[in-house]
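**Q** Next comes model.tsv, TSV, C-alpha atoms:
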chain	number	residue	atom	x	y	z
M	2	MET	CA	119.78	137.11	91.67
M	3	LYS	CA	120.57	134.46	94.30
M	4	GLY	CA	117.48	132.86	95.81
M	5	LEU	CA	115.05	134.48	93.39
M	6	LEU	CA	115.32	132.00	90.52
M	7	LYS	CA	112.04	130.10	90.07
M	8	MET	CA	112.21	126.33	90.48
M	9	LYS	CA	109.91	123.48	89.53
M	10	LEU	CA	109.95	119.78	90.31
M	11	ASN	CA	111.18	117.84	87.28
M	12	GLU	CA	108.09	116.16	85.77
M	13	ASN	CA	110.17	112.99	85.47
M	14	PHE	CA	110.07	112.62	89.24
M	15	LEU	CA	107.16	111.30	91.21
M	16	ILE	CA	106.16	111.96	94.83
M	17	HIS	CA	104.48	108.90	96.26
M	18	ASP	CA	102.70	108.61	99.60
M	19	THR	CA	103.45	105.13	100.93
M	20	GLY	CA	100.96	105.52	103.76
M	21	ASN	CA	103.95	105.66	106.04
M	22	GLY	CA	105.75	108.72	104.72
M	23	GLU	CA	106.41	110.07	101.25
M	24	ILE	CA	109.11	109.14	98.80
M	25	LEU	CA	110.56	110.67	95.64
M	26	ILE	CA	111.36	108.42	92.70
M	27	ALA	CA	112.47	108.96	89.11
M	28	VAL	CA	110.26	108.03	86.16
M	29	GLY	CA	110.70	108.00	82.37
M	30	GLU	CA	114.02	109.34	81.06
M	31	GLU	CA	115.30	110.16	84.54
M	32	THR	CA	115.32	106.45	85.48
M	33	LYS	CA	118.43	106.17	83.27
M	34	ARG	CA	120.27	108.61	85.54
M	35	PHE	CA	118.76	108.15	88.99
M	36	HIS	CA	117.99	104.67	90.27
M	37	GLY	CA	117.43	105.43	93.94
M	38	ILE	CA	114.48	106.30	96.12
M	39	VAL	CA	114.52	109.44	98.27
M	40	LYS	CA	112.76	109.02	101.60
M	41	LEU	CA	111.24	112.41	102.42
M	42	ASN	CA	110.69	113.75	105.90
M	43	GLU	CA	107.63	115.93	106.49
M	44	THR	CA	109.41	119.18	105.53
M	45	GLY	CA	111.11	117.64	102.51
M	46	ALA	CA	107.76	116.35	101.27
M	47	GLU	CA	106.21	119.78	101.79
M	48	ILE	CA	108.97	121.47	99.76
M	49	CYS	CA	108.55	118.92	96.97
M	50	HIS	CA	104.80	119.53	96.87
M	51	LEU	CA	105.32	123.31	96.87
M	52	ILE	CA	107.57	123.19	93.81
M	53	GLU	CA	105.47	120.51	92.18
M	54	ASN	CA	102.40	122.74	92.22
M	55	ASP	CA	103.98	126.17	91.63
M	56	ASP	CA	107.16	127.65	90.24
M	57	LEU	CA	108.76	129.00	93.42
M	58	SER	CA	112.07	130.58	94.28
M	59	LEU	CA	114.24	129.59	97.22
M	60	LYS	CA	113.25	132.87	98.87
M	61	GLU	CA	109.53	132.12	98.41
M	62	ILE	CA	109.93	128.64	99.89
M	63	CYS	CA	111.76	130.11	102.90
M	64	ASN	CA	109.03	132.77	103.26
M	65	HIS	CA	106.46	129.97	103.35
M	66	PHE	CA	108.24	128.39	106.31
M	67	TYR	CA	108.80	131.75	108.07
M	68	GLU	CA	105.02	132.21	108.01
M	69	LYS	CA	104.28	128.63	108.95
M	70	CYS	CA	106.82	128.48	111.80
M	71	PRO	CA	107.16	132.10	113.07
M	72	ASP	CA	109.01	130.98	116.20
M	73	ASP	CA	111.75	129.13	114.30
M	74	ASP	CA	115.11	130.72	113.64
M	75	LYS	CA	115.16	132.16	110.09
M	76	GLU	CA	118.82	131.22	109.53
M	77	MET	CA	118.01	127.62	110.41
M	78	ILE	CA	115.10	127.64	107.97
M	79	ASN	CA	117.28	129.14	105.22
M	80	LYS	CA	119.98	126.53	105.74
M	81	GLY	CA	117.54	123.61	105.93
M	82	VAL	CA	115.69	124.64	102.77
M	83	SER	CA	118.90	125.47	100.83
M	84	ASP	CA	120.57	122.18	101.75
M	85	PHE	CA	117.51	120.20	100.72
M	86	ILE	CA	117.17	122.09	97.42
M	87	GLU	CA	120.87	121.39	96.71
M	88	GLN	CA	120.24	117.67	97.21
M	89	LEU	CA	117.30	117.81	94.81
M	90	LYS	CA	119.44	119.65	92.25
M	91	LYS	CA	122.16	116.99	92.52
M	92	ILE	CA	119.72	114.27	91.44
M	93	ASN	CA	118.21	116.52	88.75
M	94	ALA	CA	114.82	116.58	90.52
M	95	ILE	CA	114.60	120.35	90.10
M	96	LYS	CA	114.20	122.33	86.93
M	97	LEU	CA	115.24	125.97	86.97
V	25	MET	CA	106.67	87.40	61.76
V	26	VAL	CA	105.73	84.72	64.28
V	27	ASN	CA	102.25	84.85	65.79
V	28	PHE	CA	100.96	83.02	68.85
V	29	LYS	CA	98.75	83.53	71.89
V	30	ILE	CA	99.62	82.98	75.53
V	31	LYS	CA	97.47	83.05	78.63
V	32	ILE	CA	99.01	84.36	81.82
V	33	ALA	CA	97.22	85.61	84.94
V	34	ASN	CA	93.92	84.81	83.16
V	35	LYS	CA	94.71	87.32	80.41
V	36	VAL	CA	95.24	86.28	76.81
V	37	PHE	CA	97.96	88.05	74.79
V	38	ASP	CA	98.08	87.86	71.00
V	39	ILE	CA	101.77	88.23	70.17
V	40	ASP	CA	103.52	89.17	66.95
V	41	CYS	CA	107.28	88.80	67.14
V	42	PHE	CA	110.32	87.82	65.05
V	43	TYR	CA	111.63	84.55	66.47
V	44	GLU	CA	110.10	81.08	66.68
V	45	SER	CA	112.30	80.52	69.76
V	46	THR	CA	110.22	83.12	71.64
V	47	LYS	CA	107.09	81.06	70.98
V	48	ASN	CA	108.97	78.00	72.14
V	49	TYR	CA	110.06	79.84	75.31
V	50	CYS	CA	106.35	80.45	76.07
V	51	LYS	CA	105.21	76.93	75.15
V	52	ASP	CA	103.64	76.04	78.52
V	53	PHE	CA	101.36	79.06	78.27
V	54	LEU	CA	100.12	78.80	74.66
V	55	THR	CA	96.37	79.09	74.14
V	56	ASP	CA	93.73	79.38	71.38
V	57	GLU	CA	91.39	81.51	73.48
V	58	LYS	CA	90.14	84.92	72.41
V	59	SER	CA	92.76	87.56	73.09
V	60	ASP	CA	92.46	90.43	75.57
V	61	PHE	CA	95.57	92.31	74.44
V	62	ASP	CA	97.64	92.56	71.26
V	63	VAL	CA	101.40	92.80	71.61
V	64	THR	CA	103.60	93.56	68.62
V	65	LEU	CA	107.35	93.66	68.98
V	66	SER	CA	109.32	96.03	66.79
V	67	GLU	CA	113.03	96.11	66.07
V	68	ASP	CA	113.23	99.25	68.22
V	69	ASP	CA	111.79	97.29	71.16
V	70	LEU	CA	114.58	94.77	70.81
V	71	LYS	CA	117.26	97.42	70.35
V	72	SER	CA	116.16	99.22	73.48
V	73	GLU	CA	116.82	96.02	75.46
V	74	ILE	CA	120.53	96.30	74.92
V	75	GLN	CA	122.95	99.15	74.86
V	76	ASN	CA	125.30	99.59	71.91
V	77	ALA	CA	123.38	97.20	69.70
V	78	THR	CA	125.19	96.39	66.47
V	79	ASN	CA	123.47	95.90	63.13
V	80	ASN	CA	124.50	92.26	63.02
V	81	HIS	CA	123.26	91.42	66.48
V	82	LEU	CA	120.69	88.65	66.77
V	83	TYR	CA	118.01	89.75	69.15
V	84	VAL	CA	116.72	86.34	70.25
V	85	ASN	CA	117.19	86.87	74.00
V	86	GLU	CA	116.35	90.55	73.75
V	87	GLU	CA	113.02	89.61	72.20
V	88	ILE	CA	112.16	87.46	75.22
V	89	SER	CA	113.08	90.37	77.54
V	90	ALA	CA	111.22	92.93	75.41
V	91	LEU	CA	108.10	90.77	75.42
V	92	TYR	CA	108.29	90.41	79.20
V	93	ARG	CA	108.55	94.19	79.58
V	94	LYS	CA	105.63	94.88	77.22
V	95	ILE	CA	103.40	92.37	78.99
V	96	ALA	CA	104.44	93.64	82.44
V	97	ASP	CA	103.55	97.20	81.35
V	98	ILE	CA	100.09	96.03	80.27
V	99	LEU	CA	99.49	93.94	83.38
V	100	VAL	CA	100.21	96.77	85.80
V	101	GLU	CA	96.98	98.44	84.58
V	102	GLU	CA	95.19	95.22	85.55
V	103	ASN	CA	96.50	95.42	89.13
V	104	ILE	CA	99.19	92.86	88.45
V	105	VAL	CA	102.90	93.37	89.14
V	106	VAL	CA	106.01	91.31	88.47
V	107	PHE	CA	107.81	90.47	91.70
V	108	HIS	CA	111.41	89.27	91.34
V	109	SER	CA	111.43	86.23	93.61
V	110	SER	CA	111.08	82.47	93.87
V	111	SER	CA	107.47	81.43	94.44
V	112	ILE	CA	106.20	78.05	95.56
V	113	LYS	CA	102.81	76.49	96.29
V	114	VAL	CA	102.34	74.35	99.39
V	115	ASN	CA	98.92	73.05	100.50
V	116	ASP	CA	97.23	75.28	97.88
V	117	PHE	CA	98.84	78.49	99.18
V	118	ALA	CA	101.67	80.52	97.70
V	119	PHE	CA	104.85	81.58	99.50
V	120	ILE	CA	107.37	83.98	98.05
V	121	PHE	CA	111.08	84.00	98.81
V	122	THR	CA	113.11	87.03	97.93
V	123	ALA	CA	116.72	88.03	98.49
V	124	ARG	CA	119.56	89.95	96.98
V	125	SER	CA	121.01	88.24	93.96
V	126	GLY	CA	123.32	85.35	94.90
V	127	VAL	CA	122.07	84.90	98.47
V	128	GLY	CA	120.48	81.57	97.61
V	129	LYS	CA	116.70	81.77	97.38
V	130	SER	CA	116.64	79.03	94.76
V	131	THR	CA	118.94	76.88	96.93
V	132	HIS	CA	116.54	77.33	99.83
V	133	THR	CA	113.48	76.43	97.75
V	134	ASN	CA	115.45	73.42	96.43
V	135	TYR	CA	115.81	72.17	100.00
V	136	LEU	CA	112.13	72.84	100.63
V	137	SER	CA	111.31	70.82	97.52
V	138	GLU	CA	113.53	67.99	98.76
V	139	LEU	CA	111.77	68.10	102.12
V	140	LEU	CA	108.18	68.43	100.94
V	141	LYS	CA	108.43	66.41	97.71
V	142	ASP	CA	105.02	66.27	95.93
V	143	GLN	CA	103.50	68.60	98.51
V	144	LEU	CA	105.43	71.49	96.89
V	145	THR	CA	104.96	72.95	93.41
V	146	TYR	CA	107.14	75.66	91.93
V	147	ILE	CA	104.91	78.46	90.69
V	148	ASN	CA	107.74	80.51	89.19
V	149	ASP	CA	111.38	80.62	90.22
V	150	ASP	CA	112.20	84.13	89.02
V	151	LYS	CA	109.42	86.56	88.11
V	152	PRO	CA	106.01	85.52	89.44
V	153	LEU	CA	103.04	87.82	88.90
V	154	LEU	CA	101.04	89.16	91.84
V	155	GLU	CA	97.43	90.12	91.19
V	156	VAL	CA	96.17	92.41	93.91
V	157	SER	CA	92.49	92.92	94.72
V	158	ASP	CA	90.64	94.09	97.83
V	159	GLU	CA	90.10	90.54	99.00
V	160	LYS	CA	93.34	88.76	98.21
V	161	ILE	CA	96.61	88.53	96.35
V	162	ILE	CA	97.00	85.75	93.80
V	163	VAL	CA	100.40	84.55	92.59
V	164	TYR	CA	100.55	83.46	88.93
V	165	SER	CA	103.24	81.86	86.89
V	166	ASN	CA	104.48	82.99	83.48
V	167	PRO	CA	107.15	81.91	80.98
V	168	TRP	CA	109.88	84.12	82.50
V	169	ASN	CA	111.07	81.63	85.09
V	170	GLY	CA	114.82	82.10	85.54
V	171	LYS	CA	117.95	80.24	84.48
V	172	GLU	CA	116.73	76.88	85.68
V	173	ARG	CA	113.35	77.43	83.98
V	174	ARG	CA	111.42	76.19	86.98
V	175	SER	CA	107.73	76.99	86.83
V	176	THR	CA	104.31	75.41	86.58
V	177	ASN	CA	101.34	76.96	84.83
V	178	THR	CA	99.44	77.40	88.07
V	179	SER	CA	98.37	79.99	90.65
V	180	ALA	CA	97.59	80.26	94.36
V	181	PRO	CA	96.60	82.85	96.96
V	182	LEU	CA	99.63	84.44	98.59
V	183	LYS	CA	100.19	83.71	102.29
V	184	ALA	CA	103.55	85.31	103.02
V	185	ILE	CA	106.60	87.01	101.59
V	186	ILE	CA	109.86	85.85	103.10
V	187	PHE	CA	113.08	87.88	102.94
V	188	LEU	CA	116.04	85.56	103.01
V	189	SER	CA	119.60	86.17	104.20
V	190	ARG	CA	122.51	83.84	104.82
V	191	GLY	CA	123.09	82.96	108.48
V	192	GLU	CA	125.52	81.01	110.67
V	193	THR	CA	122.47	79.41	112.24
V	194	ASN	CA	118.82	79.22	111.22
V	195	SER	CA	116.47	81.83	112.65
V	196	TYR	CA	113.32	83.64	111.68
V	197	LYS	CA	111.14	86.55	112.74
V	198	LYS	CA	107.76	87.84	111.67
V	199	ILE	CA	108.08	91.47	110.58
V	200	GLU	CA	105.55	93.49	112.55
V	201	ASP	CA	106.71	96.97	111.50
V	202	LYS	CA	106.03	96.84	107.79
V	203	SER	CA	107.81	100.14	107.12
V	204	GLU	CA	110.99	98.03	107.51
V	205	VAL	CA	110.23	96.11	104.34
V	206	TYR	CA	108.92	98.85	102.05
V	207	PHE	CA	112.19	99.60	100.25
V	208	LYS	CA	113.19	95.94	100.05
V	209	LEU	CA	109.81	95.13	98.53
V	210	LEU	CA	109.90	98.00	96.06
V	211	SER	CA	113.38	97.02	94.88
V	212	GLN	CA	112.03	93.62	93.81
V	213	ILE	CA	108.96	94.88	91.95
V	214	TYR	CA	109.16	95.70	88.25
V	215	LEU	CA	108.51	99.44	88.01
V	216	PRO	CA	107.51	100.53	84.51
V	217	TYR	CA	109.29	103.38	82.75
V	218	GLU	CA	106.16	105.46	82.12
V	219	LYS	CA	105.04	107.76	84.95
V	220	SER	CA	101.39	106.71	85.30
V	221	LYS	CA	102.25	103.01	85.12
V	222	ARG	CA	105.09	103.40	87.63
V	223	GLN	CA	102.70	105.21	89.96
V	224	LYS	CA	100.21	102.36	89.58
V	225	ALA	CA	102.90	99.75	90.36
V	226	MET	CA	103.78	101.66	93.53
V	227	GLN	CA	100.12	101.77	94.57
V	228	ILE	CA	99.98	98.00	94.09
V	229	ALA	CA	103.13	97.68	96.23
V	230	ASP	CA	101.36	99.66	98.98
V	231	GLN	CA	98.47	97.18	98.88
V	232	ILE	CA	100.84	94.21	99.03
V	233	ILE	CA	102.50	95.72	102.11
V	234	LYS	CA	99.11	96.14	103.83
V	235	ASN	CA	97.70	92.72	103.05
V	236	VAL	CA	100.52	90.20	103.33
V	237	ASN	CA	102.52	88.76	106.22
V	238	PHE	CA	106.27	89.29	105.99
V	239	TYR	CA	109.04	87.23	107.54
V	240	GLU	CA	112.78	87.57	107.66
V	241	ILE	CA	114.80	84.37	107.77
V	242	PHE	CA	118.51	83.73	108.23
V	243	VAL	CA	119.42	80.37	106.82
V	244	THR	CA	122.31	77.95	106.57
V	245	LYS	CA	123.01	76.14	103.32
V	246	ASP	CA	121.43	72.80	104.23
V	247	ILE	CA	118.08	71.10	104.67
V	248	SER	CA	117.75	72.14	108.34
V	249	ALA	CA	116.97	75.65	107.04
V	250	ALA	CA	114.09	74.29	104.98
V	251	GLU	CA	112.81	72.38	108.01
V	252	MET	CA	112.70	75.62	110.00
V	253	THR	CA	110.89	77.49	107.21
V	254	TYR	CA	108.33	74.72	106.87
V	255	GLU	CA	107.75	74.12	110.61
V	256	ARG	CA	107.78	77.75	111.76
V	257	ILE	CA	106.29	79.64	108.84
V	258	ILE	CA	104.56	77.53	106.19
V	259	LYS	CA	102.79	75.18	108.64
V	260	ASN	CA	101.60	78.10	110.78
V	261	GLU	CA	100.38	80.12	107.81
V	262	THR	CA	98.43	77.21	106.28
V	263	LYS	CA	96.82	75.87	109.48
Could you render the structure as structure tokens?

**A**
Amino acid sequence: MKGLLKMKLNENFLIHDTGNGEILIAVGEETKRFHGIVKLNETGAEICHLIENDDLSLKEICNHFYEKCPDDDKEMINKGVSDFIEQLKKINAIKL
Amino acid sequence: MVNFKIKIANKVFDIDCFYESTKNYCKDFLTDEKSDFDVTLSEDDLKSEIQNATNNHLYVNEEISALYRKIADILVEENIVVFHSSSIKVNDFAFIFTARSGVGKSTHTNYLSELLKDQLTYINDDKPLLEVSDEKIIVYSNPWNGKERRSTNTSAPLKAIIFLSRGETNSYKKIEDKSEVYFKLLSQIYLPYEKSKRQKAMQIADQIIKNVNFYEIFVTKDISAAEMTYERIIKNETK
């Protein structure tokens, strides 16, 4: 069912705190496919940490932000989270 | 097998490899001291250096690259990273010049050498090692010194890292907002394949960012550019 599939951060990606923001970088086998560095904003970093620590679905990630930011528009949250997850999928940073 | 020992960044490596030419490549760094690390190169190490290796391929150059990678992977655990750059020593301090490939960092250090003569020593013209501790960063040489093979078996405390670009005129600026240089710096550091080692290399990069002065220079292709670098940056940093 859409949005309910559990996701996890690919263990061949590394979140690194530079002291001036966090970045996402490939390690091991993934370095053969992805050579870039993803600069994460605060929300992006939070999503990466959420799926690094737990297997979460898109719906669960959105629920996390609904609770954290109750005044924010839910549609905006859904779109922001979905778009970011799509970007992570494109670089193979997410395992389903 | 060929066996020899080399000393780089005060660490002794006992090396087993296939080609005498690799020992010859490392000749300025040979030692008889007691080893700290053993490095054995296998055929698989050499094969992994090139794609589509054929059975008849001679792996002479691949062995030199494979050895560099193995040693770099060991050194990262000792707080030492490889930094792709041209490094020089002036008045007992090290300066590092880095740029995208083909911009002319070696040309610029050539002009500096012409200007400063015996006052300047090349530490390593391609892949110097940076040892990072709480107190300071030391730049060391090693055998992997670029096409022109310019290096001296020496070391010096690092004073500044200078990002170089081509310019119509010569100009320079000290980089105050270090977040500007993070990605440029990281792109020049050898990041190991293995996760924990790559993480360590990135932590070392963070320390380099915190503890070193950075400059950006735009330079013409003549000696006036070297004069600016010396007068405005090197002289100030070594006062």

**Q** For a quick test of understanding: name the residues of chain V lying within 6 Å of chain M when counting all atoms listed in the file, and present them as a VMD selection string.

**A** chain V and resid 217 to 219

**Q** M:Leu59, M:Ala46, M:Cys70, M:Leu5: which is nearest Glu87 (chain M), counting only C-alpha atoms?

**A**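 Of all the options, M:Leu59 lies closest to Glu87 (chain M).
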
**Q** Would you be able to write out as a PDB file with C-alpha atoms, in the coordinates of the input which residues have an atom within 7 Å of (106.6, 89.7, 62.7) in the file's coordinates, counting all atoms listed in the file?

**A**
ATOM      1  CA  MET V  25     106.670  87.400  61.760  1.00  0.00           C
ATOM      2  CA  VAL V  26     105.730  84.720  64.280  1.00  0.00           C
ATOM      3  CA  ASP V  40     103.520  89.170  66.950  1.00  0.00           C
ATOM      4  CA  CYS V  41     107.280  88.800  67.140  1.00  0.00           C
ATOM      5  CA  PHE V  42     110.320  87.820  65.050  1.00  0.00           C
TER       6      PHE V  42
END

**Q** Find the spatial neighbours of Leu97 (chain M), counting all atoms listed in the file, within a cut-off of 8 Å - ignore same-chain residues fewer than 3 positions away - and output them as a count of residues only.

**A** 4

**Q** Could you check how far CA of Gln223 (chain V) sits from CA of Val100 (chain V), in Å to one decimal?

**A**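 Separation between CA of Gln223 (chain V) and CA of Val100 (chain V): 9.7 Å.
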
**Q** Measure the distance from CA of Leu215 (chain V) to CA of Glu43 (chain M) in Å and round it to one decimal.

**A**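 Between CA of Leu215 (chain V) and CA of Glu43 (chain M) the gap works out to 24.8 Å.
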
**Q** Quick one: residues within 6 Å of region 226-238 of chain V, only C-alpha atoms counted, chain neighbours fewer than 2 positions away excluded, as a ChimeraX atom specification?

**A** /V:184-186,199,223-224

**Q** Report, in Å with one decimal, the straight-line distance from CA of Glu251 (chain V) to CA of Val114 (chain V).

**A** 13.7 Å

**Q** Would you mind telling me which residue in M:Ile24, M:Lys96, M:Lys90, M:Phe85 lies nearest to Asp55 (chain M) when using all atoms listed in the file?

**A**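 Closest to Asp55 (chain M), using all atoms listed in the file: M:Lys96.
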
**Q** Which one of V:Ser110, V:Thr244, V:Thr55, V:Thr253 sits closest to Leu136 (chain V) if you count all atoms listed in the file?

**A** V:Thr253

**Q** Pick out the residues sitting within 6 Å of Ala94 (chain M), and hand them over as a tab-separated table (two decimals) with C-alpha atoms, in the coordinates of the input; count only C-alpha atoms, and ignore anything fewer than 4 positions along from it in its own chain.

**A**
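And here's part.tsv as it stands now:
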chain	number	residue	atom	x	y	z
M	10	LEU	CA	109.95	119.78	90.31
M	11	ASN	CA	111.18	117.84	87.28
M	89	LEU	CA	117.30	117.81	94.81
M	90	LYS	CA	119.44	119.65	92.25

**Q** Between V:Val63, V:Val105, V:Asp52, V:Thr122, which is the closest to Leu209 (chain V) once you count all atoms listed in the file?

**A**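 Closest to Leu209 (chain V) of all the choices is V:Thr122.
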
**Q** Residues within 8 Å of Leu154 (chain V), please, as a VMD selection string. Count all atoms listed in the file; anything in the same chain fewer than 5 positions from it doesn't count.

**A** chain V and resid 104 to 107 161 to 164

**Q** Write out, as a short mmCIF file (atom, residue, chain, number, x, y, z; two decimals), keeping the file's coordinate frame, the residues just selected, with C-alpha atoms.

**A**
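Output saved as part_22.cif:
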data_model
loop_
_atom_site.label_atom_id
_atom_site.label_comp_id
_atom_site.auth_asym_id
_atom_site.auth_seq_id
_atom_site.Cartn_x
_atom_site.Cartn_y
_atom_site.Cartn_z
CA ILE V 104 99.19 92.86 88.45
CA VAL V 105 102.90 93.37 89.14
CA VAL V 106 106.01 91.31 88.47
CA PHE V 107 107.81 90.47 91.70
CA ILE V 161 96.61 88.53 96.35
CA ILE V 162 97.00 85.75 93.80
CA VAL V 163 100.40 84.55 92.59
CA TYR V 164 100.55 83.46 88.93
#
